[in-house]
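Reading through the structure tokens given below for one structure.
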Amino acid sequence: MKNKEKIFLSEEEKTGKPKDLFFIWFAANMGILGIVYGALIIGYGLSFTQSILIAILGPLSFLLVGYASLAGRDTGAITFILSRAAYGFKGNHIPALIGWAGQVGWLSVNVSTGTLTLLALFSAFGISTNNLLILISLVIFAGLIITSSFFSHDTLVAIQTFFTYVFGALTLLVILMLIPETDWNALFSMSSGPWLTGFFPALAFVIVGTGLTWTNASADYSRFQKRSNKSSAIIGSVTLGAFIPLFVIISTGILLATAAPELAHAENPILLISEILPGWMTIIYLFAALGGLTPMCFIGLKSSRLIMSTFNIAMKESTAITVHAVIITLIPLYVLIVSRDFLGYFEAFLGILGIGLAAWVSIFIVDYVFLRRKQGYDAKLLEDAQYNSVNIGGVISWIAGVVVGLLFTIYTDTSFDMLVTFIISGGLYFITNVLNKKQ
């Protein structure tokens, strides 16, 4: 694919600072959908203490993103180019396809959310929702996201920084207005739910929706970091940048669930939240919601296109953009007009995505920690399709982890499928590649 974005950066081109990563990941996680996360957590029948613990532990999964980001700093290469070392040039197509589908799926979720937000904004001005208005809102929001295809990295960092300050402040204002709506007596009187079948499934849901989802984009933004930038600064900037907004917004959703118990099942949860607010705050809230969603879509689209570039498909840049535009329009159209089950689609999507990503990131990190961190990435592993066509050990490790994870999902009532997948894939890769390399 002919891509304007450079896949490899020289050390002279790497001018980023760790604080850039803080702003990129902060802005990307301000989405108002985090409030719905909080409501869904309550839906698992958990106590306030259990729910807040999930709001802490779930976003800390961004430690995976932070650690995987070190590979981008070391090489100046995008994530799924580096992934070729573990899977082989062609073998990498399998997990890369899952990663691309995940990014496109998330774009569709966020475009759907943005469309719902615009519909709520129209509703605030007295305009009723109908299919035509849904289509118009979708075209407006999707069109805004597609324009980000033309942003350079420096422009993206500047935009993410702006959104962090401006819409971060607006989001905080909205949250301060939502907190008084909490029914504290109801919140603290909730009894603890089952840890095995309640707490851990809810935690797994949040982990997939936060850090695990973004692991496949980690190096895409850290590759602009100088090799001399400290590992601790990069990991800390990525993790804190995402954790702060996620913890605050998810916690607010937990509090708000007492005032709007139907939030976790609403056809348009964004509109429902706006109806809880004082009238004068509704417009501010909806603009803050749009502002929080937009940067998330910007970096999602960029990473999706970067993943597509690793397939070596002869495709013009304009064609790639058109493909993404069609997908992120048709899927939301189906969700919002045909099925009218936004949250159902969202939960099903996360369930399928989590296992594939858990297998991929486990192998990627084991490969980096035990091999590439000291040996570096041999250029032939990343660029020579004949020398490194398929790494059998990497591909089998990924497939084995995914299959066992899926079987675990089908035949058990627990939510340890991702953990089992993570352990099996990483463990097999260690045996087949790391131990073999050391002999």
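Starting from 1 in every chain, residues are counted up; chains themselves are A, B, ... following the order of the structure tokens, and ligands are numbered from 1 as listed.
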Env of Phe422 (chain A): 7 Å cut, atoms = only C-alpha atoms, seq-sep filter 2 positions within chain, self excluded. Answer as a VMD selection string. chain A and resid 358 to 359 362 401 418 to 420 424 to 426
Out of region 151-386 of chain A, which residues get alpha helix (DSSP H) from DSSP, as an MDAnalysis selection string? chainID A and resid 153:178 184:189 200:207 213:214 218:222 231:256 269:276 279:309 317:333 342:367 373:375 379:383
Can you pull out every residue within 7 Å of region 110-124 of chain A, counting only C-alpha atoms, but drop anything in the same chain fewer than 3 positions away, and send it as a PDB file with C-alpha atoms, in the first residue's frame?
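The resulting file, part.pdb, is shown below:
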```
ATOM      1  CA  TRP A 106     -13.468   0.312  17.782  1.00  0.00           C
ATOM      2  CA  LEU A 107     -13.756   3.073  15.212  1.00  0.00           C
ATOM      3  CA  ILE A 127     -35.230  18.204  16.900  1.00  0.00           C
ATOM      4  CA  SER A 128     -36.608  14.664  17.155  1.00  0.00           C
ATOM      5  CA  THR A 129     -34.571  11.657  16.094  1.00  0.00           C
ATOM      6  CA  ILE A 134     -29.313   9.455  12.174  1.00  0.00           C
ATOM      7  CA  SER A 137     -25.374  12.830  12.091  1.00  0.00           C
ATOM      8  CA  LEU A 138     -23.379   9.775  11.086  1.00  0.00           C
ATOM      9  CA  PHE A 141     -19.155  12.689  12.562  1.00  0.00           C
ATOM     10  CA  ALA A 142     -17.578  10.071  10.277  1.00  0.00           C
ATOM     11  CA  ASN A 268     -28.961   5.948  23.504  1.00  0.00           C
ATOM     12  CA  ILE A 270     -25.556   9.495  25.843  1.00  0.00           C
ATOM     13  CA  LEU A 271     -29.036  11.065  25.620  1.00  0.00           C
ATOM     14  CA  ILE A 283     -25.111  21.593  25.711  1.00  0.00           C
ATOM     15  CA  LEU A 286     -22.660  17.110  24.776  1.00  0.00           C
ATOM     16  CA  LEU A 290     -17.938  14.987  21.329  1.00  0.00           C
ATOM     17  CA  LEU A 293     -14.621  10.981  21.452  1.00  0.00           C
ATOM     18  CA  CYS A 297     -11.121   8.202  16.712  1.00  0.00           C
ATOM     19  CA  ILE A 328     -17.124   3.029   9.699  1.00  0.00           C
ATOM     20  CA  PRO A 332     -22.887   2.180  12.647  1.00  0.00           C
TER      21      PRO A 332
END
```
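For the residues A:Ile145, A:Ile299, A:Ile41, A:Val104, ranking by smallest atom-to-atom distance to Thr252 (chain A) using only C-alpha atoms places A:Ile41 first.
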For region 257-308 of chain A versus region 342-346 of chain A, which residues have an atom no more than 9 Å away, and what is each residue's nearest atom pair and distance in Å rounded to one decimal, using only C-alpha atoms, chain-then-number order, as a Markdown table?
```
| residue | atom | partner | partner_atom | distance |
| --- | --- | --- | --- | --- |
| A:Ala264 | CA | A:Leu343 | CA | 7.7 |
| A:His265 | CA | A:Leu343 | CA | 6.9 |
| A:Ala266 | CA | A:Leu343 | CA | 7.8 |
| A:Glu267 | CA | A:Phe342 | CA | 6.4 |
| A:Asn268 | CA | A:Phe342 | CA | 7.7 |
| A:Pro269 | CA | A:Leu343 | CA | 8.7 |
```
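Note that CA of Ser83 (chain A) and CA of Phe370 (chain A) are 14.4 Å apart.
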Show which residues sit within 7 Å of region 217-222 of chain A, as JSON, numbers by chain. Count only C-alpha atoms, and ignore same-chain residues fewer than 4 positions away. {"A": [65, 68, 69, 71, 72, 73, 77, 78, 79, 303]}
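Candidate residues A:Asp183, A:Glu11, A:Asp74, A:Leu246 were compared for distance to Lys230 (chain A), and the nearest is A:Asp74, using only C-alpha atoms.
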Closest atom pairs, residues of region 289-381 of chain A within 9 Å of region 161-172 of chain A, only C-alpha atoms, as a tab-separated table:
```
residue	atom	partner	partner_atom	distance
A:Ala289	CA	A:Thr171	CA	7.3
A:Leu290	CA	A:Phe167	CA	8.8
A:Gly291	CA	A:Phe167	CA	5.7
A:Gly292	CA	A:Phe167	CA	6.4
A:Thr294	CA	A:Phe163	CA	8.9
A:Pro295	CA	A:Phe163	CA	7.4
```
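For the atom pair formed by CA of Thr432 (chain A) and CA of Ile392 (chain A), the distance is 8.8 Å, given to one decimal.
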Pairwise distance, CA of Asp341 (chain A) with CA of Val109 (chain A), equals 11.6 Å
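Counting only C-alpha atoms and comparing A:Gly394, A:Val326, A:Arg227, A:Leu336, the residue that lies closest to Glu13 (chain A) is A:Arg227.
In terms of minimum interatomic distance to Gly193 (chain A), A:Gly43 ranks closest within A:Gly43, A:Pro59, A:Gly38, A:Gly354, counting only C-alpha atoms.
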Nearest to Gly198 (chain A), chosen from A:Leu40, A:Ile276, A:Leu60, A:Val335, with only C-alpha atoms counted in the distances: A:Leu40
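Closest approach to Ile159 (chain A) from the set A:Ala28, A:Pro245, A:Ile307, A:Asn312 is made by A:Ala28, with distances taken over only C-alpha atoms.
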